[in-house]
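Text of the file data-v6.pdb, holding PDB, C-alpha atoms, pLDDT in the B column:
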```pdb
ATOM      1  CA  MET A   1      94.613  62.982 122.522  1.00 79.00           C
ATOM      2  CA  GLN A   2      96.788  66.057 123.070  1.00 85.00           C
ATOM      3  CA  ARG A   3      99.308  63.968 124.960  1.00 87.00           C
ATOM      4  CA  ALA A   4      99.233  61.366 122.193  1.00 84.00           C
ATOM      5  CA  LEU A   5      99.994  63.996 119.530  1.00 87.00           C
ATOM      6  CA  ILE A   6     102.923  65.384 121.543  1.00 90.00           C
ATOM      7  CA  ALA A   7     104.171  61.828 122.010  1.00 88.00           C
ATOM      8  CA  CYS A   8     103.950  61.235 118.245  1.00 88.00           C
ATOM      9  CA  GLY A   9     106.147  64.262 117.602  1.00 91.00           C
ATOM     10  CA  ALA A  10     108.756  63.056 120.076  1.00 92.00           C
ATOM     11  CA  ILE A  11     108.728  59.516 118.663  1.00 91.00           C
ATOM     12  CA  ALA A  12     109.107  60.856 115.105  1.00 91.00           C
ATOM     13  CA  LEU A  13     112.322  62.590 116.194  1.00 92.00           C
ATOM     14  CA  PHE A  14     114.167  59.590 117.575  1.00 93.00           C
ATOM     15  CA  SER A  15     112.617  56.399 116.163  1.00 92.00           C
ATOM     16  CA  PRO A  16     114.120  56.843 112.632  1.00 92.00           C
ATOM     17  CA  ILE A  17     117.593  57.141 114.143  1.00 92.00           C
ATOM     18  CA  LEU A  18     117.242  53.973 116.200  1.00 93.00           C
ATOM     19  CA  GLY A  19     115.382  52.157 113.437  1.00 92.00           C
ATOM     20  CA  LEU A  20     117.971  52.892 110.764  1.00 92.00           C
ATOM     21  CA  PHE A  21     120.848  51.817 112.989  1.00 89.00           C
ATOM     22  CA  LEU A  22     119.059  48.561 113.819  1.00 90.00           C
ATOM     23  CA  ILE A  23     118.486  47.929 110.094  1.00 90.00           C
ATOM     24  CA  MET A  24     122.084  48.729 109.130  1.00 87.00           C
ATOM     25  CA  ARG A  25     123.364  46.403 111.862  1.00 82.00           C
ATOM     26  CA  ARG A  26     120.903  43.658 110.816  1.00 81.00           C
ATOM     27  CA  GLN A  27     119.145  43.812 114.178  1.00 82.00           C
ATOM     28  CA  SER A  28     115.624  44.646 113.007  1.00 83.00           C
ATOM     29  CA  LEU A  29     114.192  41.726 114.990  1.00 82.00           C
ATOM     30  CA  MET A  30     115.749  43.141 118.144  1.00 85.00           C
ATOM     31  CA  ALA A  31     112.951  45.712 118.410  1.00 84.00           C
ATOM     32  CA  ASP A  32     110.332  43.008 117.952  1.00 83.00           C
ATOM     33  CA  THR A  33     112.001  40.813 120.568  1.00 87.00           C
ATOM     34  CA  LEU A  34     112.148  43.586 123.155  1.00 89.00           C
ATOM     35  CA  SER A  35     108.524  44.533 122.471  1.00 85.00           C
ATOM     36  CA  HIS A  36     107.436  40.968 123.268  1.00 83.00           C
ATOM     37  CA  VAL A  37     109.586  40.954 126.409  1.00 88.00           C
ATOM     38  CA  SER A  38     107.882  44.192 127.468  1.00 87.00           C
ATOM     39  CA  LEU A  39     104.737  42.169 128.231  1.00 86.00           C
ATOM     40  CA  ALA A  40     106.641  40.589 131.113  1.00 88.00           C
ATOM     41  CA  GLY A  41     107.246  44.096 132.477  1.00 88.00           C
ATOM     42  CA  VAL A  42     103.547  44.930 132.206  1.00 85.00           C
ATOM     43  CA  ALA A  43     102.632  41.693 133.976  1.00 85.00           C
ATOM     44  CA  LEU A  44     105.188  42.418 136.711  1.00 88.00           C
ATOM     45  CA  GLY A  45     103.649  45.847 137.247  1.00 86.00           C
ATOM     46  CA  TYR A  46     100.169  44.334 137.633  1.00 83.00           C
ATOM     47  CA  LEU A  47     101.512  41.708 140.023  1.00 85.00           C
ATOM     48  CA  LEU A  48     103.371  44.187 142.239  1.00 87.00           C
ATOM     49  CA  GLY A  49     100.676  46.852 142.017  1.00 83.00           C
ATOM     50  CA  VAL A  50     103.050  49.559 140.720  1.00 85.00           C
ATOM     51  CA  ASN A  51     103.144  51.705 137.593  1.00 80.00           C
ATOM     52  CA  PRO A  52     103.586  49.257 134.659  1.00 81.00           C
ATOM     53  CA  THR A  53     105.652  51.854 132.765  1.00 79.00           C
ATOM     54  CA  LEU A  54     108.410  51.682 135.373  1.00 84.00           C
ATOM     55  CA  THR A  55     108.479  47.879 135.586  1.00 89.00           C
ATOM     56  CA  THR A  56     108.327  47.613 131.791  1.00 88.00           C
ATOM     57  CA  MET A  57     111.281  49.960 131.380  1.00 88.00           C
ATOM     58  CA  PHE A  58     113.307  48.003 133.948  1.00 91.00           C
ATOM     59  CA  THR A  59     112.440  44.657 132.322  1.00 92.00           C
ATOM     60  CA  VAL A  60     113.125  45.755 128.743  1.00 90.00           C
ATOM     61  CA  ILE A  61     116.436  47.427 129.587  1.00 89.00           C
ATOM     62  CA  LEU A  62     117.521  44.272 131.415  1.00 92.00           C
ATOM     63  CA  ALA A  63     116.457  42.212 128.379  1.00 90.00           C
ATOM     64  CA  ALA A  64     118.410  44.535 126.055  1.00 87.00           C
ATOM     65  CA  ILE A  65     121.570  43.971 128.097  1.00 88.00           C
ATOM     66  CA  LEU A  66     120.975  40.206 128.074  1.00 90.00           C
ATOM     67  CA  LEU A  67     120.334  40.265 124.319  1.00 85.00           C
ATOM     68  CA  GLU A  68     123.628  42.054 123.701  1.00 83.00           C
ATOM     69  CA  TYR A  69     125.397  39.471 125.874  1.00 85.00           C
ATOM     70  CA  LEU A  70     123.792  36.535 124.036  1.00 83.00           C
ATOM     71  CA  ARG A  71     124.648  38.125 120.690  1.00 79.00           C
ATOM     72  CA  ARG A  72     128.317  37.949 121.630  1.00 79.00           C
ATOM     73  CA  VAL A  73     128.081  34.436 123.092  1.00 80.00           C
ATOM     74  CA  TYR A  74     126.498  33.151 119.862  1.00 78.00           C
ATOM     75  CA  ILE A  75     128.506  35.450 117.627  1.00 72.00           C
ATOM     76  CA  ASN A  76     128.111  33.236 114.547  1.00 71.00           C
ATOM     77  CA  TYR A  77     124.449  32.440 115.226  1.00 68.00           C
ATOM     78  CA  SER A  78     122.944  35.778 116.237  1.00 66.00           C
ATOM     79  CA  ASP A  79     119.377  34.628 115.518  1.00 74.00           C
ATOM     80  CA  ILE A  80     119.637  32.203 118.454  1.00 81.00           C
ATOM     81  CA  SER A  81     119.743  35.090 120.930  1.00 80.00           C
ATOM     82  CA  VAL A  82     116.590  36.590 119.408  1.00 82.00           C
ATOM     83  CA  ALA A  83     114.690  33.282 119.540  1.00 82.00           C
ATOM     84  CA  MET A  84     115.771  32.533 123.111  1.00 85.00           C
ATOM     85  CA  LEU A  85     114.882  35.939 124.489  1.00 87.00           C
ATOM     86  CA  MET A  86     111.576  36.264 122.632  1.00 85.00           C
ATOM     87  CA  SER A  87     110.285  32.868 123.761  1.00 86.00           C
ATOM     88  CA  GLY A  88     111.665  33.317 127.259  1.00 88.00           C
ATOM     89  CA  GLY A  89     110.114  36.762 127.636  1.00 85.00           C
ATOM     90  CA  MET A  90     106.694  35.557 126.491  1.00 85.00           C
ATOM     91  CA  ALA A  91     106.901  32.561 128.830  1.00 89.00           C
ATOM     92  CA  ILE A  92     107.701  34.779 131.827  1.00 88.00           C
ATOM     93  CA  ALA A  93     104.904  37.189 130.863  1.00 84.00           C
ATOM     94  CA  LEU A  94     102.322  34.390 130.709  1.00 83.00           C
ATOM     95  CA  LEU A  95     103.517  32.906 134.003  1.00 88.00           C
ATOM     96  CA  LEU A  96     103.270  36.283 135.750  1.00 85.00           C
ATOM     97  CA  LEU A  97      99.863  37.042 134.240  1.00 79.00           C
ATOM     98  CA  SER A  98      98.570  33.700 135.507  1.00 80.00           C
ATOM     99  CA  ARG A  99      99.167  35.010 139.046  1.00 81.00           C
ATOM    100  CA  VAL A 100      97.340  38.309 138.464  1.00 75.00           C
ATOM    101  CA  PRO A 101      93.654  38.179 139.501  1.00 69.00           C
ATOM    102  CA  THR A 102      92.628  40.809 136.980  1.00 59.00           C
ATOM    103  CA  ALA A 103      94.578  42.391 134.136  1.00 54.00           C
ATOM    104  CA  GLY A 104      91.964  44.606 132.555  1.00 53.00           C
ATOM    105  CA  ASN A 105      94.494  46.783 130.741  1.00 56.00           C
ATOM    106  CA  LEU A 106      96.197  43.859 129.029  1.00 67.00           C
ATOM    107  CA  GLU A 107      94.386  44.547 125.761  1.00 67.00           C
ATOM    108  CA  SER A 108      95.713  48.115 125.688  1.00 68.00           C
ATOM    109  CA  ALA A 109      99.208  46.791 126.403  1.00 74.00           C
ATOM    110  CA  LEU A 110      98.937  44.393 123.457  1.00 75.00           C
ATOM    111  CA  PHE A 111      97.323  46.677 120.883  1.00 73.00           C
ATOM    112  CA  GLY A 112      97.832  50.202 122.220  1.00 72.00           C
ATOM    113  CA  SER A 113      95.381  52.736 123.583  1.00 72.00           C
ATOM    114  CA  ILE A 114      95.317  56.525 123.300  1.00 66.00           C
ATOM    115  CA  VAL A 115      93.787  57.008 126.739  1.00 63.00           C
ATOM    116  CA  THR A 116      96.605  55.151 128.539  1.00 71.00           C
ATOM    117  CA  ILE A 117      99.242  57.777 127.695  1.00 81.00           C
ATOM    118  CA  THR A 118     100.189  59.607 130.881  1.00 83.00           C
ATOM    119  CA  ARG A 119     101.930  62.897 131.516  1.00 88.00           C
ATOM    120  CA  LEU A 120     104.969  60.989 132.823  1.00 85.00           C
ATOM    121  CA  GLN A 121     105.261  58.998 129.585  1.00 84.00           C
ATOM    122  CA  VAL A 122     105.084  62.166 127.483  1.00 90.00           C
ATOM    123  CA  ILE A 123     107.851  63.762 129.568  1.00 92.00           C
ATOM    124  CA  LEU A 124     110.004  60.633 129.274  1.00 89.00           C
ATOM    125  CA  LEU A 125     109.516  60.575 125.486  1.00 90.00           C
ATOM    126  CA  LEU A 126     110.540  64.235 125.176  1.00 94.00           C
ATOM    127  CA  ILE A 127     113.642  63.641 127.300  1.00 94.00           C
ATOM    128  CA  LEU A 128     114.523  60.531 125.293  1.00 93.00           C
ATOM    129  CA  ALA A 129     114.056  62.386 121.988  1.00 94.00           C
ATOM    130  CA  ALA A 130     116.298  65.255 123.119  1.00 95.00           C
ATOM    131  CA  LEU A 131     118.965  62.816 124.345  1.00 94.00           C
ATOM    132  CA  ILE A 132     119.025  60.639 121.207  1.00 94.00           C
ATOM    133  CA  VAL A 133     119.039  63.552 118.755  1.00 93.00           C
ATOM    134  CA  THR A 134     121.818  65.318 120.695  1.00 93.00           C
ATOM    135  CA  VAL A 135     123.982  62.194 120.840  1.00 90.00           C
ATOM    136  CA  TYR A 136     123.407  61.532 117.137  1.00 91.00           C
ATOM    137  CA  VAL A 137     124.386  65.076 116.111  1.00 90.00           C
ATOM    138  CA  ILE A 138     127.571  64.976 118.205  1.00 88.00           C
ATOM    139  CA  PHE A 139     128.727  61.411 117.486  1.00 85.00           C
ATOM    140  CA  GLN A 140     127.238  60.691 114.063  1.00 86.00           C
ATOM    141  CA  ARG A 141     130.615  59.912 112.415  1.00 84.00           C
ATOM    142  CA  VAL A 142     131.398  57.325 115.084  1.00 84.00           C
ATOM    143  CA  LEU A 143     127.915  55.844 114.760  1.00 83.00           C
ATOM    144  CA  PHE A 144     128.256  55.677 110.959  1.00 83.00           C
ATOM    145  CA  VAL A 145     131.391  53.553 111.239  1.00 82.00           C
ATOM    146  CA  LEU A 146     129.810  51.293 113.854  1.00 81.00           C
ATOM    147  CA  ALA A 147     126.653  50.837 111.775  1.00 79.00           C
ATOM    148  CA  PHE A 148     128.423  49.907 108.544  1.00 77.00           C
ATOM    149  CA  ASP A 149     131.359  47.854 109.847  1.00 76.00           C
ATOM    150  CA  GLU A 150     131.726  46.968 113.512  1.00 75.00           C
ATOM    151  CA  ASP A 151     135.065  45.216 112.928  1.00 75.00           C
ATOM    152  CA  THR A 152     136.568  48.340 111.361  1.00 78.00           C
ATOM    153  CA  ALA A 153     135.263  50.425 114.245  1.00 77.00           C
ATOM    154  CA  LYS A 154     136.878  48.055 116.733  1.00 79.00           C
ATOM    155  CA  THR A 155     140.164  48.118 114.825  1.00 81.00           C
ATOM    156  CA  ALA A 156     140.074  51.914 114.912  1.00 77.00           C
ATOM    157  CA  GLY A 157     139.990  51.785 118.683  1.00 80.00           C
ATOM    158  CA  LEU A 158     136.348  52.684 119.212  1.00 79.00           C
ATOM    159  CA  PRO A 159     134.606  51.201 122.272  1.00 82.00           C
ATOM    160  CA  THR A 160     132.252  49.139 120.130  1.00 80.00           C
ATOM    161  CA  GLU A 161     130.952  46.932 122.930  1.00 81.00           C
ATOM    162  CA  MET A 162     130.072  49.896 125.125  1.00 85.00           C
ATOM    163  CA  ILE A 163     128.390  51.760 122.230  1.00 84.00           C
ATOM    164  CA  SER A 164     126.442  48.663 121.176  1.00 83.00           C
ATOM    165  CA  MET A 165     125.270  48.140 124.735  1.00 85.00           C
ATOM    166  CA  ALA A 166     124.205  51.793 124.970  1.00 86.00           C
ATOM    167  CA  ILE A 167     122.210  51.515 121.712  1.00 85.00           C
ATOM    168  CA  SER A 168     120.503  48.354 122.989  1.00 85.00           C
ATOM    169  CA  ILE A 169     119.603  49.986 126.315  1.00 88.00           C
ATOM    170  CA  VAL A 170     118.241  53.148 124.665  1.00 90.00           C
ATOM    171  CA  THR A 171     116.238  51.028 122.209  1.00 89.00           C
ATOM    172  CA  GLY A 172     114.775  49.073 125.101  1.00 87.00           C
ATOM    173  CA  ALA A 173     113.841  52.253 126.976  1.00 88.00           C
ATOM    174  CA  ALA A 174     112.241  53.703 123.841  1.00 89.00           C
ATOM    175  CA  ILE A 175     110.133  50.581 123.279  1.00 87.00           C
ATOM    176  CA  ALA A 176     108.993  50.548 126.908  1.00 85.00           C
ATOM    177  CA  ILE A 177     107.746  54.140 126.703  1.00 85.00           C
ATOM    178  CA  MET A 178     106.289  53.830 123.171  1.00 85.00           C
ATOM    179  CA  MET A 179     104.244  50.748 124.011  1.00 80.00           C
ATOM    180  CA  PRO A 180     101.063  52.591 125.182  1.00 73.00           C
ATOM    181  CA  ILE A 181     100.623  54.109 121.700  1.00 73.00           C
ATOM    182  CA  ALA A 182     101.418  51.109 119.493  1.00 75.00           C
ATOM    183  CA  GLY A 183     101.016  48.154 121.831  1.00 78.00           C
ATOM    184  CA  ALA A 184     103.589  45.452 122.477  1.00 79.00           C
ATOM    185  CA  LEU A 185     102.715  43.493 119.339  1.00 74.00           C
ATOM    186  CA  LEU A 186     103.287  46.350 116.869  1.00 80.00           C
ATOM    187  CA  VAL A 187     105.607  48.843 118.554  1.00 84.00           C
ATOM    188  CA  SER A 188     108.548  47.593 116.471  1.00 85.00           C
ATOM    189  CA  ALA A 189     106.665  48.606 113.295  1.00 86.00           C
ATOM    190  CA  ILE A 190     106.833  52.285 114.274  1.00 88.00           C
ATOM    191  CA  MET A 191     110.573  52.027 114.791  1.00 90.00           C
ATOM    192  CA  ILE A 192     111.517  49.919 111.761  1.00 93.00           C
ATOM    193  CA  MET A 193     108.991  50.473 108.947  1.00 94.00           C
ATOM    194  CA  PRO A 194     109.484  54.242 108.297  1.00 95.00           C
ATOM    195  CA  ALA A 195     113.257  53.767 108.099  1.00 94.00           C
ATOM    196  CA  ALA A 196     112.900  50.682 105.886  1.00 94.00           C
ATOM    197  CA  ILE A 197     110.526  52.496 103.498  1.00 95.00           C
ATOM    198  CA  SER A 198     112.746  55.604 103.299  1.00 95.00           C
ATOM    199  CA  LEU A 199     115.836  53.468 102.718  1.00 93.00           C
ATOM    200  CA  ARG A 200     114.429  52.363  99.341  1.00 92.00           C
ATOM    201  CA  MET A 201     113.961  55.943  98.144  1.00 91.00           C
ATOM    202  CA  PHE A 202     117.080  57.700  99.443  1.00 92.00           C
ATOM    203  CA  LYS A 203     120.746  56.783  99.840  1.00 85.00           C
ATOM    204  CA  ARG A 204     122.209  59.470 102.101  1.00 89.00           C
ATOM    205  CA  PHE A 205     122.095  58.579 105.782  1.00 87.00           C
ATOM    206  CA  ASN A 206     120.745  61.890 107.061  1.00 90.00           C
ATOM    207  CA  THR A 207     118.215  62.134 104.223  1.00 94.00           C
ATOM    208  CA  VAL A 208     116.839  58.702 105.125  1.00 93.00           C
ATOM    209  CA  ILE A 209     116.479  59.738 108.771  1.00 93.00           C
ATOM    210  CA  ILE A 210     114.670  62.979 107.889  1.00 94.00           C
ATOM    211  CA  ALA A 211     112.356  61.232 105.416  1.00 95.00           C
ATOM    212  CA  ALA A 212     111.643  58.472 107.933  1.00 95.00           C
ATOM    213  CA  GLY A 213     110.855  61.074 110.581  1.00 94.00           C
ATOM    214  CA  VAL A 214     108.361  62.837 108.303  1.00 95.00           C
ATOM    215  CA  LEU A 215     106.800  59.516 107.301  1.00 95.00           C
ATOM    216  CA  GLY A 216     106.687  58.352 110.912  1.00 93.00           C
ATOM    217  CA  LEU A 217     104.941  61.544 112.020  1.00 93.00           C
ATOM    218  CA  PHE A 218     102.440  61.284 109.159  1.00 94.00           C
ATOM    219  CA  GLY A 219     101.692  57.633 109.918  1.00 93.00           C
ATOM    220  CA  MET A 220     101.347  58.082 113.661  1.00 90.00           C
ATOM    221  CA  VAL A 221      99.209  61.239 113.564  1.00 91.00           C
ATOM    222  CA  GLY A 222      97.053  59.798 110.774  1.00 92.00           C
ATOM    223  CA  GLY A 223      96.772  56.509 112.624  1.00 89.00           C
ATOM    224  CA  LEU A 224      95.740  58.222 115.856  1.00 86.00           C
ATOM    225  CA  PHE A 225      93.009  60.253 114.149  1.00 89.00           C
ATOM    226  CA  LEU A 226      91.694  57.214 112.271  1.00 91.00           C
ATOM    227  CA  SER A 227      91.848  55.173 115.465  1.00 86.00           C
ATOM    228  CA  TYR A 228      90.002  57.858 117.404  1.00 84.00           C
ATOM    229  CA  THR A 229      87.379  58.253 114.660  1.00 88.00           C
ATOM    230  CA  PHE A 230      86.689  54.592 113.910  1.00 89.00           C
ATOM    231  CA  ASP A 231      87.545  53.125 117.335  1.00 84.00           C
ATOM    232  CA  THR A 232      90.301  50.856 116.020  1.00 84.00           C
ATOM    233  CA  PRO A 233      93.531  49.804 117.806  1.00 81.00           C
ATOM    234  CA  PRO A 234      96.115  52.624 117.369  1.00 80.00           C
ATOM    235  CA  GLY A 235      99.051  50.286 116.800  1.00 80.00           C
ATOM    236  CA  ALA A 236      97.305  48.307 114.077  1.00 85.00           C
ATOM    237  CA  THR A 237      96.029  51.485 112.398  1.00 88.00           C
ATOM    238  CA  ILE A 238      99.469  53.091 112.346  1.00 89.00           C
ATOM    239  CA  ALA A 239     101.115  49.907 111.047  1.00 89.00           C
ATOM    240  CA  GLY A 240      98.385  49.669 108.398  1.00 93.00           C
ATOM    241  CA  ILE A 241      99.198  53.171 107.127  1.00 95.00           C
ATOM    242  CA  PHE A 242     102.884  52.263 106.864  1.00 95.00           C
ATOM    243  CA  LEU A 243     101.953  49.103 104.979  1.00 94.00           C
ATOM    244  CA  VAL A 244      99.870  51.100 102.491  1.00 95.00           C
ATOM    245  CA  VAL A 245     102.751  53.541 101.976  1.00 95.00           C
ATOM    246  CA  PHE A 246     105.116  50.629 101.377  1.00 95.00           C
ATOM    247  CA  ILE A 247     102.778  49.142  98.755  1.00 95.00           C
ATOM    248  CA  LEU A 248     102.418  52.522  96.986  1.00 95.00           C
ATOM    249  CA  GLU A 249     106.194  52.980  97.075  1.00 94.00           C
ATOM    250  CA  SER A 250     106.719  49.531  95.566  1.00 94.00           C
ATOM    251  CA  ILE A 251     104.267  50.314  92.754  1.00 94.00           C
ATOM    252  CA  TYR A 252     105.992  53.644  92.098  1.00 93.00           C
ATOM    253  CA  LEU A 253     109.468  52.070  91.980  1.00 92.00           C
ATOM    254  CA  LYS A 254     108.218  49.287  89.739  1.00 91.00           C
ATOM    255  CA  ILE A 255     106.727  51.719  87.211  1.00 90.00           C
ATOM    256  CA  PHE A 256     109.147  54.635  87.217  1.00 84.00           C
ATOM    257  CA  LYS A 257     112.495  53.018  88.108  1.00 70.00           C
TER     258      LYS A 257
END
```

Take the structure I supplied and represent it as structure tokens, if you would.
Amino acid sequence: MQRALIACGAIALFSPILGLFLIMRRQSLMADTLSHVSLAGVALGYLLGVNPTLTTMFTVILAAILLEYLRRVYINYSDISVAMLMSGGMAIALLLLSRVPTAGNLESALFGSIVTITRLQVILLLILAALIVTVYVIFQRVLFVLAFDEDTAKTAGLPTEMISMAISIVTGAAIAIMMPIAGALLVSAIMIMPAAISLRMFKRFNTVIIAAGVLGLFGMVGGLFLSYTFDTPPGATIAGIFLVVFILESIYLKIFK
């Protein structure tokens, strides 16, 4: 539980940044796609008998690179890349799992489990949080331009392809490490929902990120305690809290604005 709480703090630092950039670039489904592909990494870990975290990270990063490539191949039909990779990743996961004699931890991979969080995963989350926040603080003007208008950024001479690839890879790594808390089916909710909720209330970029971070921390810590108390899946509990907040926000905006 202590490791889970530390992990929640680290996730709350970087997930709003990644989530908001995915929303602004209309790539919200990218997180969901990579989370489904992560199951193939878990299955590969079971099959090879190695730490699933390592194989999941390798698989998801590879999928992120492939997704960025497909997005440019089907530049006018970007949803094709999402559909192809999501279905392909699930197919590979099921094929690999069919060769595994026993996959007792599959339920925790799907829905999340507090007890599966290891010291290595906490360290990786802290490193990832420090890296993403540092890069954002230093290069936020460049990232703003890329998020709002990629064509303008390319015209200005910015290495848009390299930056986009880096964002995809970091997003994939984040999903691979976050999966033990939220599970593969709902990990994208932690990354996208706080930013999407905050975006309705605030207009300034940095304000949205701060608000999403506070909301994300509240939802994850609250979800973990409720999950621990009532023995419910952490990912579903956390996503449920975000859903309740979204409903309350919608009622507030409907009445007062």

Write out, as CSV, each residue of stretch 137-244 of chain A that has an atom at most 10 Å from stretch 68-90 of chain A, together with the closest pair of atoms and their distance in Å to one decimal, counting all atoms listed in the file, rows going by chain and rising number.
```
residue,atom,partner,partner_atom,distance
A:Glu161,CA,A:Glu68,CA,8.8
A:Ser164,CA,A:Glu68,CA,7.6
A:Met165,CA,A:Glu68,CA,6.4
A:Ala166,CA,A:Glu68,CA,9.8
A:Ile167,CA,A:Glu68,CA,9.8
A:Ser168,CA,A:Glu68,CA,7.1
A:Ile169,CA,A:Glu68,CA,9.3
```

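Note on the selection: in this file the PyMOL selection byres ((chain A and resi 130) around 12) comes out as Gly9, Ala10, Ile11, Ala12, Leu13, Phe14, Ser15, Ile123, Leu124, Leu125, Leu126, Ile127, Leu128, Ala129, Leu131, Ile132, Val133, Thr134, Val135, Tyr136 and Val137 of chain A.
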
Set the distance at 12 Å and use only C-alpha atoms: which residues neighbour A:Ala153 once local chain neighbours fewer than 3 positions away are removed? I'd like the list as a ChimeraX atom specification. /A:141-150,156-161,163-164

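Residues surrounding stretch 222-228 of chain A within 9 Å are Met1, Ala4, Leu5, Ile114, Ile181, Leu217, Phe218, Thr232, Pro233, Pro234, Gly235, Ala236, Thr237, Ile238, Ala239, Gly240 and Ile241 of chain A [only C-alpha atoms; sequence separation below 4 positions excluded].
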
Keeping only C-alpha atoms, write the selected residues to a file as a PDB file, in the frame of the given file.
```pdb
ATOM      1  CA  MET A   1      94.613  62.982 122.522  1.00 79.00           C
ATOM      2  CA  ALA A   4      99.233  61.366 122.193  1.00 84.00           C
ATOM      3  CA  LEU A   5      99.994  63.996 119.530  1.00 87.00           C
ATOM      4  CA  ILE A 114      95.317  56.525 123.300  1.00 66.00           C
ATOM      5  CA  ILE A 181     100.623  54.109 121.700  1.00 73.00           C
ATOM      6  CA  LEU A 217     104.941  61.544 112.020  1.00 93.00           C
ATOM      7  CA  PHE A 218     102.440  61.284 109.159  1.00 94.00           C
ATOM      8  CA  THR A 232      90.301  50.856 116.020  1.00 84.00           C
ATOM      9  CA  PRO A 233      93.531  49.804 117.806  1.00 81.00           C
ATOM     10  CA  PRO A 234      96.115  52.624 117.369  1.00 80.00           C
ATOM     11  CA  GLY A 235      99.051  50.286 116.800  1.00 80.00           C
ATOM     12  CA  ALA A 236      97.305  48.307 114.077  1.00 85.00           C
ATOM     13  CA  THR A 237      96.029  51.485 112.398  1.00 88.00           C
ATOM     14  CA  ILE A 238      99.469  53.091 112.346  1.00 89.00           C
ATOM     15  CA  ALA A 239     101.115  49.907 111.047  1.00 89.00           C
ATOM     16  CA  GLY A 240      98.385  49.669 108.398  1.00 93.00           C
ATOM     17  CA  ILE A 241      99.198  53.171 107.127  1.00 95.00           C
TER      18      ILE A 241
END
```

List as a ChimeraX atom specification the protein and nucleic acid residues near stretch 203-208 of chain A, meaning an atom at most 10 Å away when all atoms listed in the file are counted, but skip any in the same chain fewer than 6 places from it. /A:16-17,20-21,140,144,194-197,214

Between atom CA of A:Ala184 and atom CA of A:Leu95 - distance in Å to one decimal: 17.0 Å

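Distances here use all atoms listed in the file; by that measure, the residue among A:Gln2, A:Gly183, A:Ala176, A:Leu18 closest to A:Ala212 is A:Leu18.
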
Using Å and a single decimal, report how far atom CA of A:Leu215 sits from atom CA of A:Leu253. 17.2 Å

Could you give me the axis-aligned bounding box of stretch 74-86 of chain A, with 8 Å of padding per side, as centre plus edge lengths in Å to one decimal, as JSON?
```
{"center_x": 120.0, "center_y": 34.4, "center_z": 119.5, "size_x": 32.9, "size_y": 20.4, "size_z": 25.9}
```

Evaluate the PyMOL selection byres ((chain A and resi 47) around 8) and record the selected residues as a ChimeraX atom specification, following the chain and residue labels used in the document. /A:43-46,48-49,96-97,99-100

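Between atom CA of A:Met179 and atom CA of A:Val60 the separation is 11.2 Å.
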
Contacts of A:Phe58 at 12 Å or less, counting all atoms listed in the file, minus same-chain residues fewer than 2 places along, as a ChimeraX atom specification? /A:34,37-42,44-45,51-56,60-65,169-170,172-177

Completion step: stretch 202-214 of chain A with N, CA and C atoms as a JSON list (two decimals), in the frame of the given file:
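The result, stored in result-v1.json:
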```json
[["chain", "number", "residue", "atom", "x", "y", "z"],
["A", 202, "PHE", "N", 115.93, 56.79, 99.28],
["A", 202, "PHE", "CA", 117.08, 57.70, 99.44],
["A", 202, "PHE", "C", 118.32, 56.90, 99.84],
["A", 203, "LYS", "N", 119.48, 57.47, 99.58],
["A", 203, "LYS", "CA", 120.75, 56.78, 99.84],
["A", 203, "LYS", "C", 121.57, 57.45, 100.93],
["A", 204, "ARG", "N", 121.43, 58.76, 101.08],
["A", 204, "ARG", "CA", 122.21, 59.47, 102.10],
["A", 204, "ARG", "C", 121.62, 59.20, 103.48],
["A", 205, "PHE", "N", 122.49, 58.97, 104.44],
["A", 205, "PHE", "CA", 122.10, 58.58, 105.78],
["A", 205, "PHE", "C", 121.15, 59.59, 106.41],
["A", 206, "ASN", "N", 121.56, 60.86, 106.42],
["A", 206, "ASN", "CA", 120.74, 61.89, 107.06],
["A", 206, "ASN", "C", 119.42, 62.11, 106.33],
["A", 207, "THR", "N", 119.44, 61.98, 105.00],
["A", 207, "THR", "CA", 118.22, 62.13, 104.22],
["A", 207, "THR", "C", 117.21, 61.04, 104.57],
["A", 208, "VAL", "N", 117.71, 59.82, 104.74],
["A", 208, "VAL", "CA", 116.84, 58.70, 105.12],
["A", 208, "VAL", "C", 116.20, 58.97, 106.49],
["A", 209, "ILE", "N", 116.99, 59.47, 107.42],
["A", 209, "ILE", "CA", 116.48, 59.74, 108.77],
["A", 209, "ILE", "C", 115.41, 60.83, 108.74],
["A", 210, "ILE", "N", 115.66, 61.89, 107.98],
["A", 210, "ILE", "CA", 114.67, 62.98, 107.89],
["A", 210, "ILE", "C", 113.39, 62.48, 107.23],
["A", 211, "ALA", "N", 113.53, 61.76, 106.12],
["A", 211, "ALA", "CA", 112.36, 61.23, 105.42],
["A", 211, "ALA", "C", 111.58, 60.26, 106.30],
["A", 212, "ALA", "N", 112.30, 59.43, 107.04],
["A", 212, "ALA", "CA", 111.64, 58.47, 107.93],
["A", 212, "ALA", "C", 110.92, 59.20, 109.06],
["A", 213, "GLY", "N", 111.51, 60.29, 109.54],
["A", 213, "GLY", "CA", 110.86, 61.07, 110.58],
["A", 213, "GLY", "C", 109.55, 61.69, 110.10],
["A", 214, "VAL", "N", 109.58, 62.25, 108.88],
["A", 214, "VAL", "CA", 108.36, 62.84, 108.30],
["A", 214, "VAL", "C", 107.29, 61.76, 108.09]]
```
